[in-house]
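Structure, as structure tokens:
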Amino acid sequence: MESSDINEEELVDATILKKLFLSRRIGGKHLPFRFVIQGLPNRLHNLAKKRANKLIAKGLMLSKVSTGEEHISLNPKRLSEVINIVERVFPELKERLRQQG
């Protein structure tokens, strides 16, 4: 797949999901949202916040307030969808994702 086939929103979605998946933040094991967006360029931070809210609304991620800030994790019931999204954008991770999933 050409990188031009992937828009910025899809890239941000897949990056957020990839970071949570590879760090095994699934179900009750969560991560402060501010840590999830740290690896993104500053210009994408606002977009990442909007996209994270969409991923939560779609049910791919779970959200809770802990220690006074928002924490997120992957929905364990939707891991196959998460893997498909990440594989579409990062095909080089396909084998690693399937091993961990």
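How things are named: the first chain in the structure tokens is A, the next is B, and so on; residues count from 1 in each chain; ligands count from 1 in the order shown.
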If you run DSSP on the backbone here, which positions in chain A get alpha helix (DSSP H)? Please write them as an mmCIF file with N, CA and C atoms, in the first residue's frame.
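Result file is selection_17.cif:
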data_model
loop_
_atom_site.group_PDB
_atom_site.id
_atom_site.type_symbol
_atom_site.label_atom_id
_atom_site.label_comp_id
_atom_site.auth_asym_id
_atom_site.auth_seq_id
_atom_site.Cartn_x
_atom_site.Cartn_y
_atom_site.Cartn_z
ATOM 1 N N GLU A 8 -4.089 11.620 7.198
ATOM 2 C CA GLU A 8 -3.510 11.955 8.498
ATOM 3 C C GLU A 8 -4.335 11.388 9.660
ATOM 4 N N GLU A 9 -5.667 11.394 9.522
ATOM 5 C CA GLU A 9 -6.525 10.864 10.581
ATOM 6 C C GLU A 9 -6.297 9.371 10.778
ATOM 7 N N GLU A 10 -6.192 8.627 9.681
ATOM 8 C CA GLU A 10 -5.928 7.189 9.777
ATOM 9 C C GLU A 10 -4.561 6.919 10.400
ATOM 10 N N LEU A 11 -3.594 7.736 10.046
ATOM 11 C CA LEU A 11 -2.251 7.585 10.609
ATOM 12 C C LEU A 11 -2.259 7.823 12.118
ATOM 13 N N VAL A 12 -2.954 8.867 12.556
ATOM 14 C CA VAL A 12 -3.035 9.170 13.986
ATOM 15 C C VAL A 12 -3.776 8.055 14.720
ATOM 16 N N ASP A 13 -4.908 7.598 14.162
ATOM 17 C CA ASP A 13 -5.666 6.492 14.779
ATOM 18 C C ASP A 13 -4.770 5.274 14.964
ATOM 19 N N ALA A 14 -4.110 4.881 13.885
ATOM 20 C CA ALA A 14 -3.279 3.679 13.929
ATOM 21 C C ALA A 14 -2.101 3.851 14.885
ATOM 22 N N THR A 15 -1.545 5.041 14.957
ATOM 23 C CA THR A 15 -0.421 5.293 15.861
ATOM 24 C C THR A 15 -0.855 5.166 17.317
ATOM 25 N N ILE A 16 -2.003 5.722 17.647
ATOM 26 C CA ILE A 16 -2.529 5.619 19.018
ATOM 27 C C ILE A 16 -2.793 4.149 19.363
ATOM 28 N N LEU A 17 -3.494 3.447 18.466
ATOM 29 C CA LEU A 17 -3.836 2.045 18.715
ATOM 30 C C LEU A 17 -2.577 1.177 18.801
ATOM 31 N N LYS A 18 -1.605 1.456 17.940
ATOM 32 C CA LYS A 18 -0.353 0.688 17.942
ATOM 33 C C LYS A 18 0.373 0.851 19.270
ATOM 34 N N LYS A 19 0.460 2.079 19.736
ATOM 35 C CA LYS A 19 1.174 2.327 20.989
ATOM 36 C C LYS A 19 0.509 1.582 22.151
ATOM 37 N N LEU A 20 -0.810 1.611 22.206
ATOM 38 C CA LEU A 20 -1.525 0.900 23.268
ATOM 39 C C LEU A 20 -1.359 -0.610 23.125
ATOM 40 N N PHE A 21 -1.459 -1.116 21.897
ATOM 41 C CA PHE A 21 -1.379 -2.562 21.676
ATOM 42 C C PHE A 21 0.010 -3.106 21.997
ATOM 43 N N LEU A 22 1.041 -2.440 21.498
ATOM 44 C CA LEU A 22 2.395 -2.945 21.704
ATOM 45 C C LEU A 22 2.854 -2.823 23.154
ATOM 46 N N PHE A 33 -3.514 9.392 28.940
ATOM 47 C CA PHE A 33 -3.602 9.810 27.546
ATOM 48 C C PHE A 33 -2.421 10.689 27.141
ATOM 49 N N ARG A 34 -1.929 11.509 28.057
ATOM 50 C CA ARG A 34 -0.823 12.410 27.707
ATOM 51 C C ARG A 34 0.417 11.627 27.264
ATOM 52 N N PHE A 35 0.593 10.393 27.770
ATOM 53 C CA PHE A 35 1.720 9.571 27.349
ATOM 54 C C PHE A 35 1.517 9.016 25.940
ATOM 55 N N VAL A 36 0.276 8.821 25.565
ATOM 56 C CA VAL A 36 -0.019 8.266 24.241
ATOM 57 C C VAL A 36 0.324 9.264 23.149
ATOM 58 N N HIS A 45 -1.163 17.008 18.030
ATOM 59 C CA HIS A 45 -1.724 16.736 19.351
ATOM 60 C C HIS A 45 -3.226 17.004 19.425
ATOM 61 N N ASN A 46 -3.686 18.123 18.862
ATOM 62 C CA ASN A 46 -5.133 18.404 18.887
ATOM 63 C C ASN A 46 -5.903 17.381 18.066
ATOM 64 N N LEU A 47 -5.378 17.018 16.913
ATOM 65 C CA LEU A 47 -6.029 15.993 16.092
ATOM 66 C C LEU A 47 -6.061 14.663 16.842
ATOM 67 N N ALA A 48 -4.984 14.333 17.542
ATOM 68 C CA ALA A 48 -4.931 13.074 18.294
ATOM 69 C C ALA A 48 -6.001 13.040 19.376
ATOM 70 N N LYS A 49 -6.241 14.154 20.036
ATOM 71 C CA LYS A 49 -7.283 14.210 21.065
ATOM 72 C C LYS A 49 -8.657 13.968 20.449
ATOM 73 N N LYS A 50 -8.904 14.603 19.303
ATOM 74 C CA LYS A 50 -10.188 14.407 18.615
ATOM 75 C C LYS A 50 -10.348 12.963 18.154
ATOM 76 N N ARG A 51 -9.297 12.408 17.578
ATOM 77 C CA ARG A 51 -9.362 11.032 17.074
ATOM 78 C C ARG A 51 -9.506 10.028 18.216
ATOM 79 N N ALA A 52 -8.866 10.285 19.351
ATOM 80 C CA ALA A 52 -9.005 9.395 20.507
ATOM 81 C C ALA A 52 -10.457 9.380 20.979
ATOM 82 N N ASN A 53 -11.102 10.538 20.994
ATOM 83 C CA ASN A 53 -12.514 10.584 21.378
ATOM 84 C C ASN A 53 -13.375 9.793 20.397
ATOM 85 N N LYS A 54 -13.025 9.840 19.118
ATOM 86 C CA LYS A 54 -13.773 9.052 18.120
ATOM 87 C C LYS A 54 -13.546 7.559 18.331
ATOM 88 N N LEU A 55 -12.314 7.167 18.642
ATOM 89 C CA LEU A 55 -12.018 5.750 18.883
ATOM 90 C C LEU A 55 -12.739 5.245 20.132
ATOM 91 N N ILE A 56 -12.869 6.098 21.134
ATOM 92 C CA ILE A 56 -13.631 5.738 22.335
ATOM 93 C C ILE A 56 -15.104 5.600 21.984
ATOM 94 N N ALA A 57 -15.628 6.543 21.193
ATOM 95 C CA ALA A 57 -17.036 6.496 20.786
ATOM 96 C C ALA A 57 -17.343 5.254 19.949
ATOM 97 N N LYS A 58 -16.372 4.826 19.131
ATOM 98 C CA LYS A 58 -16.554 3.615 18.315
ATOM 99 C C LYS A 58 -16.445 2.347 19.142
ATOM 100 N N LEU A 79 -10.165 -6.358 19.826
ATOM 101 C CA LEU A 79 -8.742 -6.410 19.454
ATOM 102 C C LEU A 79 -8.519 -6.759 17.988
ATOM 103 N N SER A 80 -9.349 -7.620 17.418
ATOM 104 C CA SER A 80 -9.135 -7.983 16.016
ATOM 105 C C SER A 80 -9.309 -6.763 15.108
ATOM 106 N N GLU A 81 -10.251 -5.886 15.437
ATOM 107 C CA GLU A 81 -10.435 -4.662 14.653
ATOM 108 C C GLU A 81 -9.238 -3.732 14.824
ATOM 109 N N VAL A 82 -8.731 -3.647 16.043
ATOM 110 C CA VAL A 82 -7.552 -2.813 16.317
ATOM 111 C C VAL A 82 -6.375 -3.309 15.482
ATOM 112 N N ILE A 83 -6.150 -4.608 15.486
ATOM 113 C CA ILE A 83 -5.041 -5.187 14.718
ATOM 114 C C ILE A 83 -5.194 -4.870 13.235
ATOM 115 N N ASN A 84 -6.400 -4.988 12.702
ATOM 116 C CA ASN A 84 -6.630 -4.698 11.283
ATOM 117 C C ASN A 84 -6.311 -3.238 10.943
ATOM 118 N N ILE A 85 -6.693 -2.315 11.803
ATOM 119 C CA ILE A 85 -6.420 -0.889 11.561
ATOM 120 C C ILE A 85 -4.918 -0.632 11.577
ATOM 121 N N VAL A 86 -4.234 -1.177 12.561
ATOM 122 C CA VAL A 86 -2.781 -0.950 12.677
ATOM 123 C C VAL A 86 -2.052 -1.603 11.504
ATOM 124 N N GLU A 87 -2.461 -2.801 11.104
ATOM 125 C CA GLU A 87 -1.815 -3.488 9.973
ATOM 126 C C GLU A 87 -1.983 -2.724 8.667
ATOM 127 N N ARG A 88 -3.116 -2.066 8.483
ATOM 128 C CA ARG A 88 -3.364 -1.327 7.250
ATOM 129 C C ARG A 88 -2.350 -0.184 7.101
ATOM 130 N N VAL A 89 -2.051 0.477 8.197
ATOM 131 C CA VAL A 89 -1.147 1.627 8.155
ATOM 132 C C VAL A 89 0.316 1.212 8.323
ATOM 133 N N LYS A 94 2.825 -6.571 10.785
ATOM 134 C CA LYS A 94 1.802 -7.611 10.715
ATOM 135 C C LYS A 94 2.164 -8.861 11.530
ATOM 136 N N GLU A 95 3.342 -9.371 11.347
ATOM 137 C CA GLU A 95 3.760 -10.590 12.048
ATOM 138 C C GLU A 95 3.804 -10.378 13.567
ATOM 139 N N ARG A 96 4.377 -9.268 13.972
ATOM 140 C CA ARG A 96 4.471 -8.973 15.411
ATOM 141 C C ARG A 96 3.090 -8.816 16.051
ATOM 142 N N LEU A 97 2.178 -8.152 15.348
ATOM 143 C CA LEU A 97 0.828 -7.962 15.879
ATOM 144 C C LEU A 97 0.097 -9.291 16.019
ATOM 145 N N ARG A 98 0.248 -10.151 15.036
ATOM 146 C CA ARG A 98 -0.434 -11.446 15.080
ATOM 147 C C ARG A 98 0.127 -12.333 16.197
ATOM 148 N N GLN A 99 1.424 -12.224 16.470
ATOM 149 C CA GLN A 99 2.027 -13.010 17.554
ATOM 150 C C GLN A 99 1.506 -12.560 18.907
ATOM 151 N N GLN A 100 1.394 -11.248 19.097
ATOM 152 C CA GLN A 100 0.954 -10.716 20.377
ATOM 153 C C GLN A 100 -0.554 -10.794 20.550
#
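Per DSSP on the backbone, strand (DSSP E) in chain A comprises A:Leu31, A:Pro32, A:Met61, A:Leu62, A:Ser63, A:Lys64, A:Val65, A:Ser66, A:Glu69, A:Glu70, A:His71, A:Ile72, A:Ser73, A:Leu74.
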Option closest in space to Leu60 in chain A, from A:Gly28, A:Pro91, A:Pro76, A:Gly39 [counting only C-alpha atoms]: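 Checking each candidate against Leu60 in chain A, we get A:Pro76 as the closest.
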